[in-house]
Amino acid sequence: MEALLGEILARDAGVSGQVPERLAAAMRHGALGGGKRLRPFLVLESAALFGPPPAGAAEVAAGLECVHCYSLIHDDLPAMDDDDLRRGRPTVHKAFDEASAILAGDALLTLAFGLTAGATGLSDAARLALVSRLAQDAGAVGMVGGQALDLAAEAEDSLTEAQIARIQSMKTGALIAYACEAGAILMDAPAADRQRLRRYGEIIGLAFQLADDLLDETADAATLGKAAGKDRERGKKTLPALYGQDWTRQRLAALVQEAETVLAPYGEAGALLVETARYIAGRDR
Ligand code: GRG
């Protein structure tokens, strides 16, 4: 994925000579050099449940990673989370400047839709469904809406579990659910498989966020490659803050079980995705 993203950015944000050099460099800084690449992995592994994925599956996966990278660049800005460190390196607005960071994020988001719409070897129906699904999951009813709710919640004294769950399912969960559903969509899998993969994505999205919140409390900045302990410092409402670390670990174990049940119809073919749920729930960075 790293190599493909590098090629795409060289092609679409560099060697063509049409992209302003500073913008191209800011895009590369935000998209390359680190990251677990979890979302593209989920796209490709979900697709592989239904047979060998076409070449364009990697472009769909790279498009999703561009959306994710844009969201991190914008989230790190002073107007949002105001972070200096991301993936162990200065954030884009620190390495460049705020305007460059905003524009690099905008350009990566736009590039994502171009990559998805132009993915080779997919049916027209699949490309259309992917673009439409991505627009929902990345937009105001998905990730951007979740970020807006999260920012608004900073002014609240307390939130209920349902309110926290809603914010997280939109802000973090929607893109992870898209990753898994996209695998089924690009393979033209039946609607029942699309729904099953989406459900799996929702479960691991929840686990991902819980693990992230737990890590914020338990890990250090050197391990995370970003600041730690920020949630508690800012009085951020998370489920580990509400219910404690033991409850969170039990909930994570239950979510892994649930993921296993949802994937049971795929038998051995689903083993790697079950393993991924376990990794997400137990991750240490
Ligand atoms: C600015 C529109 C907009 C949205 C921002 C994704 C997001 C919404 C904010 C990131 C804040 C955050 C720390 C959320 C917790 C979960 C999360 C998305 C962590 C980062 O994802 P990883 O761990 O990152 O997959 P890497 O670096 O591995 O790609």
# chains A, B, ... in the order shown; residues from 1 in each chain; ligands from 1
>>> closest_atom_pairs(of="chain A", to="ligand 1", cutoff="8 Å", atoms="only C-alpha atoms and all ligand atoms", output="tab-separated table")
residue	atom	partner	partner_atom_place_in_ligand_line	distance
A:Gly34	CA	ligand 1	27 (O)	6.5
A:Gly35	CA	ligand 1	28 (O)	3.6
A:Lys36	CA	ligand 1	28 (O)	3.8
A:Arg37	CA	ligand 1	29 (O)	5.6
A:Leu38	CA	ligand 1	25 (O)	5.9
A:Arg39	CA	ligand 1	25 (O)	7.2
A:Glu65	CA	ligand 1	29 (O)	7.8
A:His68	CA	ligand 1	6 (C)	6.5
A:Cys69	CA	ligand 1	29 (O)	6.9
A:Tyr70	CA	ligand 1	1 (C)	7.4
A:Ser71	CA	ligand 1	3 (C)	4.3
A:Leu72	CA	ligand 1	10 (C)	5.3
A:Ile73	CA	ligand 1	1 (C)	7.2
A:His74	CA	ligand 1	1 (C)	4.5
A:Asp75	CA	ligand 1	1 (C)	4.1
A:Asp76	CA	ligand 1	1 (C)	7.8
A:Met80	CA	ligand 1	1 (C)	7.5
A:Asp81	CA	ligand 1	11 (C)	7.8
A:Arg86	CA	ligand 1	27 (O)	7.1
A:Arg87	CA	ligand 1	27 (O)	5.6
A:Ala138	CA	ligand 1	2 (C)	7.8
A:Gly139	CA	ligand 1	2 (C)	7.8
A:Met143	CA	ligand 1	4 (C)	5.7
A:Val144	CA	ligand 1	2 (C)	4.2
A:Gly145	CA	ligand 1	2 (C)	7.8
A:Gly146	CA	ligand 1	8 (C)	7.3
A:Gln147	CA	ligand 1	4 (C)	5.2
A:Ala148	CA	ligand 1	2 (C)	8.0
A:Lys171	CA	ligand 1	8 (C)	5.4
A:Thr172	CA	ligand 1	18 (C)	5.3
A:Phe208	CA	ligand 1	16 (C)	7.0
A:Gln209	CA	ligand 1	16 (C)	5.5
A:Asp212	CA	ligand 1	15 (C)	6.0
A:Asp213	CA	ligand 1	15 (C)	7.5
A:Arg285	CA	ligand 1	23 (O)	7.6
>>> write_last_selection(atoms="C-alpha atoms", output="PDB file, in the first residue's frame")
ATOM      1  CA  GLY A  34       3.861   5.654   8.513  1.00  0.00           C
ATOM      2  CA  GLY A  35       0.384   4.587   9.421  1.00  0.00           C
ATOM      3  CA  LYS A  36      -0.916   1.102   9.984  1.00  0.00           C
ATOM      4  CA  ARG A  37      -2.819   1.094   6.673  1.00  0.00           C
ATOM      5  CA  LEU A  38      -5.601  -0.765   8.457  1.00  0.00           C
ATOM      6  CA  ARG A  39      -8.449   0.549   6.298  1.00  0.00           C
ATOM      7  CA  GLU A  65      -6.545   5.751   2.891  1.00  0.00           C
ATOM      8  CA  HIS A  68      -8.293   8.811   6.315  1.00  0.00           C
ATOM      9  CA  CYS A  69      -5.046  10.787   5.901  1.00  0.00           C
ATOM     10  CA  TYR A  70      -6.962  13.963   5.047  1.00  0.00           C
ATOM     11  CA  SER A  71      -9.038  13.519   8.224  1.00  0.00           C
ATOM     12  CA  LEU A  72      -5.898  13.201  10.357  1.00  0.00           C
ATOM     13  CA  ILE A  73      -4.286  16.279   8.755  1.00  0.00           C
ATOM     14  CA  HIS A  74      -7.383  18.379   9.464  1.00  0.00           C
ATOM     15  CA  ASP A  75      -7.949  16.855  12.912  1.00  0.00           C
ATOM     16  CA  ASP A  76      -4.415  17.908  13.933  1.00  0.00           C
ATOM     17  CA  MET A  80      -9.451  21.062  16.081  1.00  0.00           C
ATOM     18  CA  ASP A  81      -7.185  18.815  18.155  1.00  0.00           C
ATOM     19  CA  ARG A  86       1.511  12.398  14.191  1.00  0.00           C
ATOM     20  CA  ARG A  87       3.027   9.023  13.297  1.00  0.00           C
ATOM     21  CA  ALA A 138     -16.911  10.338   4.946  1.00  0.00           C
ATOM     22  CA  GLY A 139     -19.422  13.203   5.016  1.00  0.00           C
ATOM     23  CA  MET A 143     -17.046  11.031   9.761  1.00  0.00           C
ATOM     24  CA  VAL A 144     -17.395  14.812   9.364  1.00  0.00           C
ATOM     25  CA  GLY A 145     -20.700  14.762  11.296  1.00  0.00           C
ATOM     26  CA  GLY A 146     -19.062  12.712  14.048  1.00  0.00           C
ATOM     27  CA  GLN A 147     -16.194  15.171  14.281  1.00  0.00           C
ATOM     28  CA  ALA A 148     -18.692  18.060  14.568  1.00  0.00           C
ATOM     29  CA  LYS A 171     -16.417   9.736  13.573  1.00  0.00           C
ATOM     30  CA  THR A 172     -14.318   6.566  13.549  1.00  0.00           C
ATOM     31  CA  PHE A 208     -10.842   0.254  17.380  1.00  0.00           C
ATOM     32  CA  GLN A 209     -12.128   3.352  19.157  1.00  0.00           C
ATOM     33  CA  ASP A 212      -7.658   3.923  21.015  1.00  0.00           C
ATOM     34  CA  ASP A 213      -9.216   5.480  24.121  1.00  0.00           C
ATOM     35  CA  ARG A 285       0.029   1.371  19.333  1.00  0.00           C
TER      36      ARG A 285
END
>>> residues_around(residues="Ser132 (chain A)", least_positions_apart="2", cutoff="12 Å", atoms="only C-alpha atoms", output="PDB file with C-alpha atoms, in the first residue's frame")
ATOM      1  CA  PHE A 113     -13.149  10.176  -5.215  1.00  0.00           C
ATOM      2  CA  THR A 116     -12.631   5.289  -6.556  1.00  0.00           C
ATOM      3  CA  ALA A 117     -14.569   6.397  -9.636  1.00  0.00           C
ATOM      4  CA  ALA A 125     -22.553  -0.432 -10.694  1.00  0.00           C
ATOM      5  CA  ALA A 126     -19.813  -1.225  -8.170  1.00  0.00           C
ATOM      6  CA  ARG A 127     -17.903   2.024  -8.832  1.00  0.00           C
ATOM      7  CA  LEU A 128     -21.080   4.067  -8.513  1.00  0.00           C
ATOM      8  CA  ALA A 129     -22.089   2.315  -5.280  1.00  0.00           C
ATOM      9  CA  LEU A 130     -18.600   2.840  -3.834  1.00  0.00           C
ATOM     10  CA  LEU A 134     -17.930   6.786   0.520  1.00  0.00           C
ATOM     11  CA  ALA A 135     -19.661  10.157   0.207  1.00  0.00           C
ATOM     12  CA  GLN A 136     -22.046   9.149   2.998  1.00  0.00           C
ATOM     13  CA  ASP A 137     -19.501   7.559   5.304  1.00  0.00           C
ATOM     14  CA  ALA A 138     -16.911  10.338   4.946  1.00  0.00           C
ATOM     15  CA  GLY A 139     -19.422  13.203   5.016  1.00  0.00           C
ATOM     16  CA  TYR A 178     -17.035   1.485   4.636  1.00  0.00           C
ATOM     17  CA  ALA A 182     -16.381  -1.745   0.061  1.00  0.00           C
ATOM     18  CA  ILE A 185     -19.298  -3.959  -3.146  1.00  0.00           C
TER      19      ILE A 185
END
>>> residues_around(residues="Phe41 (chain A)", least_positions_apart="4", cutoff="10 Å", atoms="only C-alpha atoms", output="list in words")
Met1, Lys36, Arg37, Glu45, Ser46, Ala47, Ala58, Ala61, Ala62, Glu65, Ala179, Cys180, Gly183, Leu273 and Thr276 of chain A
>>> write_last_selection(atoms="C-alpha atoms", output="PDB file, in the first residue's frame")
ATOM      1  CA  MET A   1       0.000   0.000   0.000  1.00  0.00           C
ATOM      2  CA  LYS A  36      -0.916   1.102   9.984  1.00  0.00           C
ATOM      3  CA  ARG A  37      -2.819   1.094   6.673  1.00  0.00           C
ATOM      4  CA  GLU A  45      -9.221  -8.752   2.771  1.00  0.00           C
ATOM      5  CA  SER A  46     -13.005  -8.274   2.693  1.00  0.00           C
ATOM      6  CA  ALA A  47     -12.907  -8.430  -1.105  1.00  0.00           C
ATOM      7  CA  ALA A  58      -6.057  -1.489  -4.570  1.00  0.00           C
ATOM      8  CA  ALA A  61      -8.294   0.892  -0.929  1.00  0.00           C
ATOM      9  CA  ALA A  62      -5.801   3.700  -1.608  1.00  0.00           C
ATOM     10  CA  GLU A  65      -6.545   5.751   2.891  1.00  0.00           C
ATOM     11  CA  ALA A 179     -13.690  -0.341   4.319  1.00  0.00           C
ATOM     12  CA  CYS A 180     -15.326  -3.716   4.968  1.00  0.00           C
ATOM     13  CA  GLY A 183     -14.697  -5.149  -0.271  1.00  0.00           C
ATOM     14  CA  LEU A 273     -10.522 -10.988   9.436  1.00  0.00           C
ATOM     15  CA  THR A 276      -7.746  -8.683  12.606  1.00  0.00           C
TER      16      THR A 276
END
>>> residues_around(residues="Ala277 (chain A)", least_positions_apart="4", cutoff="7 Å", atoms="only C-alpha atoms", output="list in words")
Ile204, Val256, Ala259, Leu273 and Ala281 of chain A
>>> residues_around(residues="Leu252 (chain A)", least_positions_apart="6", cutoff="10 Å", atoms="only C-alpha atoms", output="list of chain:residue names")
A:Ile203, A:Ile204, A:Leu206, A:Ala207, A:Phe208, A:Leu210, A:Ala211, A:Asp246, A:Glu258, A:Ala277, A:Arg278, A:Ile280, A:Ala281, A:Gly282
